[in-house]
Amino acid sequence: MAGLSREKTANIVLALLLLGVPLAAVAAGEPFYVTLATRIVILALAAIGLNIALGLGGLVSFGHAAFFGLGGYVAGILATHAFNGETVLFGLPSTTSMPVIWLVAVVLCGLVALPIGAISLRTSGVYFIMITLAFAQMIYYFAVSWPDYGGEDGLSLYVRNTFPGVNTAQPLPYFLVCLGVLAAAVCLFWLLRGSRFGAALEAARQNTTRLSAVGIAPFNIKLVAFVISAMVTGLAGALFADLNRFVSPSMASWQMSGELIVLIILGGKGRLFGPIAGAIVYVLFEFALGGITERWQFFLGLMLLGVVLFARGGLLGLVAGRARHD
């Protein structure tokens, strides 16, 4: 119980920092730090999506950047056509409304994840890693070879998309919108982990034979988790495109998939605030060391190596102690 109490305390501290620092930055007239915090929130959201598959289900997907990129292109394509007063493919209406864009991104990522998961989950181990990577690279090269939407050069958003009652052009309101979405994703992860579905998913991760013996199909449980995971990561991609007002094939690259896995390992696999802790460390390393050396990833790699060797529960595990899933 003591370890659980320490983890809850750490989670509360992280939540307060995530909200308090941008508010202090606005008061100090430093909007750049609000944008930095927004980047942390969006990357944490994408990692929470992957954490559903990886942390709860043990599915080491190296292709989740595909869904991150799809979400980004949904935001970019719909906004571009809306700005030009055009319809999208097959006469579908365009829009700049964030809730509508999020819905389209989530549904599209779910539909794409369904066949990818159905095929990939027939394998396991390194074969699962490689087949998810292969699917992601297919989507990446499709984006590169799609000249109508910028191809390799990417696609710019002329203005940030809209949210009812919020001036999303300002850094702080947009940060609060993203923070609200992150809070909803944290709640979703918490509900899934504590539900019977979460228990079945953990059982599927540990021993599929025993799960089958009680009448539950491990394949179906893992497929649902994979699809939900992809949908959350796709939502993060739509937010990321709005943050940068730009979307490019790099959002769907294997490097992006690797970054999401790094965030989870750094913070703590399967932990509620693990992706948030990992995103904070990652972005701060990038910001603090990126201006000093182009090889800042070397120092991040040293920290990641230390976490893997000496802190299997991630940075939160150092605070709260190891959990059952570590």
# chains A, B, ... in the order shown; residues from 1 in each chain; ligands from 1
$ residues_around --residues "range 112-121 of chain A" --least-positions-apart "6" --cutoff "8 Å" --atoms "only C-alpha atoms" --output "MDAnalysis selection string"
chainID A and resid 67 128 131:132 135 219 222:223 226:227 230
$ write_last_selection --atoms "N, CA, C and O atoms" --output "PDB file, in the first residue's frame"
ATOM      1  N   PHE A  67      -0.676   5.457 -36.973  1.00  0.00           N
ATOM      2  CA  PHE A  67      -1.935   6.040 -36.512  1.00  0.00           C
ATOM      3  C   PHE A  67      -1.740   7.497 -36.100  1.00  0.00           C
ATOM      4  O   PHE A  67      -2.619   8.330 -36.304  1.00  0.00           O
ATOM      5  N   PHE A 128       5.755  -9.988 -34.480  1.00  0.00           N
ATOM      6  CA  PHE A 128       4.719  -8.965 -34.296  1.00  0.00           C
ATOM      7  C   PHE A 128       5.329  -7.573 -34.425  1.00  0.00           C
ATOM      8  O   PHE A 128       4.745  -6.679 -35.061  1.00  0.00           O
ATOM      9  N   ILE A 131       6.043  -6.927 -38.217  1.00  0.00           N
ATOM     10  CA  ILE A 131       4.893  -6.777 -39.112  1.00  0.00           C
ATOM     11  C   ILE A 131       4.174  -5.453 -38.854  1.00  0.00           C
ATOM     12  O   ILE A 131       3.681  -4.807 -39.785  1.00  0.00           O
ATOM     13  N   THR A 132       4.129  -5.011 -37.587  1.00  0.00           N
ATOM     14  CA  THR A 132       3.544  -3.683 -37.320  1.00  0.00           C
ATOM     15  C   THR A 132       4.417  -2.587 -37.922  1.00  0.00           C
ATOM     16  O   THR A 132       3.912  -1.584 -38.437  1.00  0.00           O
ATOM     17  N   PHE A 135       3.668  -2.461 -41.727  1.00  0.00           N
ATOM     18  CA  PHE A 135       2.437  -1.736 -42.035  1.00  0.00           C
ATOM     19  C   PHE A 135       2.639  -0.222 -41.902  1.00  0.00           C
ATOM     20  O   PHE A 135       2.140   0.562 -42.723  1.00  0.00           O
ATOM     21  N   PHE A 219      -7.172 -13.712 -28.618  1.00  0.00           N
ATOM     22  CA  PHE A 219      -7.040 -12.943 -29.859  1.00  0.00           C
ATOM     23  C   PHE A 219      -8.012 -11.765 -29.874  1.00  0.00           C
ATOM     24  O   PHE A 219      -7.631 -10.631 -30.218  1.00  0.00           O
ATOM     25  N   LYS A 222      -6.970  -8.990 -27.357  1.00  0.00           N
ATOM     26  CA  LYS A 222      -5.814  -8.233 -27.831  1.00  0.00           C
ATOM     27  C   LYS A 222      -6.185  -7.328 -29.013  1.00  0.00           C
ATOM     28  O   LYS A 222      -5.678  -6.204 -29.124  1.00  0.00           O
ATOM     29  N   LEU A 223      -7.060  -7.811 -29.878  1.00  0.00           N
ATOM     30  CA  LEU A 223      -7.456  -7.011 -31.037  1.00  0.00           C
ATOM     31  C   LEU A 223      -8.215  -5.761 -30.604  1.00  0.00           C
ATOM     32  O   LEU A 223      -7.961  -4.662 -31.117  1.00  0.00           O
ATOM     33  N   PHE A 226      -5.741  -3.349 -29.207  1.00  0.00           N
ATOM     34  CA  PHE A 226      -4.931  -2.758 -30.273  1.00  0.00           C
ATOM     35  C   PHE A 226      -5.696  -1.640 -30.979  1.00  0.00           C
ATOM     36  O   PHE A 226      -5.141  -0.577 -31.273  1.00  0.00           O
ATOM     37  N   VAL A 227      -6.985  -1.874 -31.242  1.00  0.00           N
ATOM     38  CA  VAL A 227      -7.805  -0.875 -31.938  1.00  0.00           C
ATOM     39  C   VAL A 227      -8.012   0.359 -31.060  1.00  0.00           C
ATOM     40  O   VAL A 227      -7.862   1.500 -31.532  1.00  0.00           O
ATOM     41  N   ALA A 230      -4.834   2.359 -30.995  1.00  0.00           N
ATOM     42  CA  ALA A 230      -4.616   3.110 -32.236  1.00  0.00           C
ATOM     43  C   ALA A 230      -5.490   4.358 -32.292  1.00  0.00           C
ATOM     44  O   ALA A 230      -5.049   5.421 -32.758  1.00  0.00           O
TER      45      ALA A 230
END
$ closest_atom_pairs --of "range 27-135 of chain A" --to "range 254-262 of chain A" --cutoff "7 Å" --atoms "only C-alpha atoms" --output "CSV"
residue,atom,partner,partner_atom,distance
A:Ala47,CA,A:Leu260,CA,5.3
A:Phe62,CA,A:Ser257,CA,5.5
A:Gly63,CA,A:Ser257,CA,5.8
A:His64,CA,A:Ser257,CA,5.6
A:Ala65,CA,A:Ser257,CA,4.7
A:Leu133,CA,A:Trp254,CA,6.9
$ residues_around --residues "Val214 in chain A" --least-positions-apart "4" --cutoff "12 Å" --atoms "only C-alpha atoms" --output "list in words"
Ala200, Ala203, Ala204, Asn207, Thr208, Thr209, Arg210 and Pro218 of chain A
$ write_last_selection --atoms "C-alpha atoms" --output "short mmCIF file (atom, residue, chain, number, x, y, z; two decimals), in the first residue's frame"
data_model
loop_
_atom_site.label_atom_id
_atom_site.label_comp_id
_atom_site.auth_asym_id
_atom_site.auth_seq_id
_atom_site.Cartn_x
_atom_site.Cartn_y
_atom_site.Cartn_z
CA ALA A 200 -8.48 -10.39 -19.23
CA ALA A 203 -4.09 -12.48 -18.37
CA ALA A 204 -3.63 -12.65 -22.15
CA ASN A 207 -0.61 -16.78 -20.26
CA THR A 208 -2.91 -17.14 -23.25
CA THR A 209 -3.44 -20.87 -22.64
CA ARG A 210 -4.94 -20.31 -19.20
CA PRO A 218 -7.07 -14.01 -26.20
#
$ residues_around --residues "Arg39 in chain A" --least-positions-apart "6" --cutoff "8 Å" --atoms "only C-alpha atoms" --output "MDAnalysis selection string"
chainID A and resid 240 243 283
$ write_last_selection --atoms "N, CA, C and O atoms" --output "JSON list (two decimals), in the first residue's frame"
[["chain", "number", "residue", "atom", "x", "y", "z"],
["A", 240, "PHE", "N", -1.42, 17.14, -32.62],
["A", 240, "PHE", "CA", -0.04, 17.50, -32.94],
["A", 240, "PHE", "C", 0.04, 18.32, -34.22],
["A", 240, "PHE", "O", 0.81, 19.27, -34.33],
["A", 243, "LEU", "N", -1.04, 21.76, -33.39],
["A", 243, "LEU", "CA", -0.02, 22.48, -32.62],
["A", 243, "LEU", "C", 1.03, 23.09, -33.54],
["A", 243, "LEU", "O", 1.38, 24.27, -33.41],
["A", 283, "VAL", "N", 10.94, 15.68, -23.56],
["A", 283, "VAL", "CA", 10.87, 17.03, -24.12],
["A", 283, "VAL", "C", 11.85, 17.96, -23.42],
["A", 283, "VAL", "O", 12.49, 18.82, -24.06]]
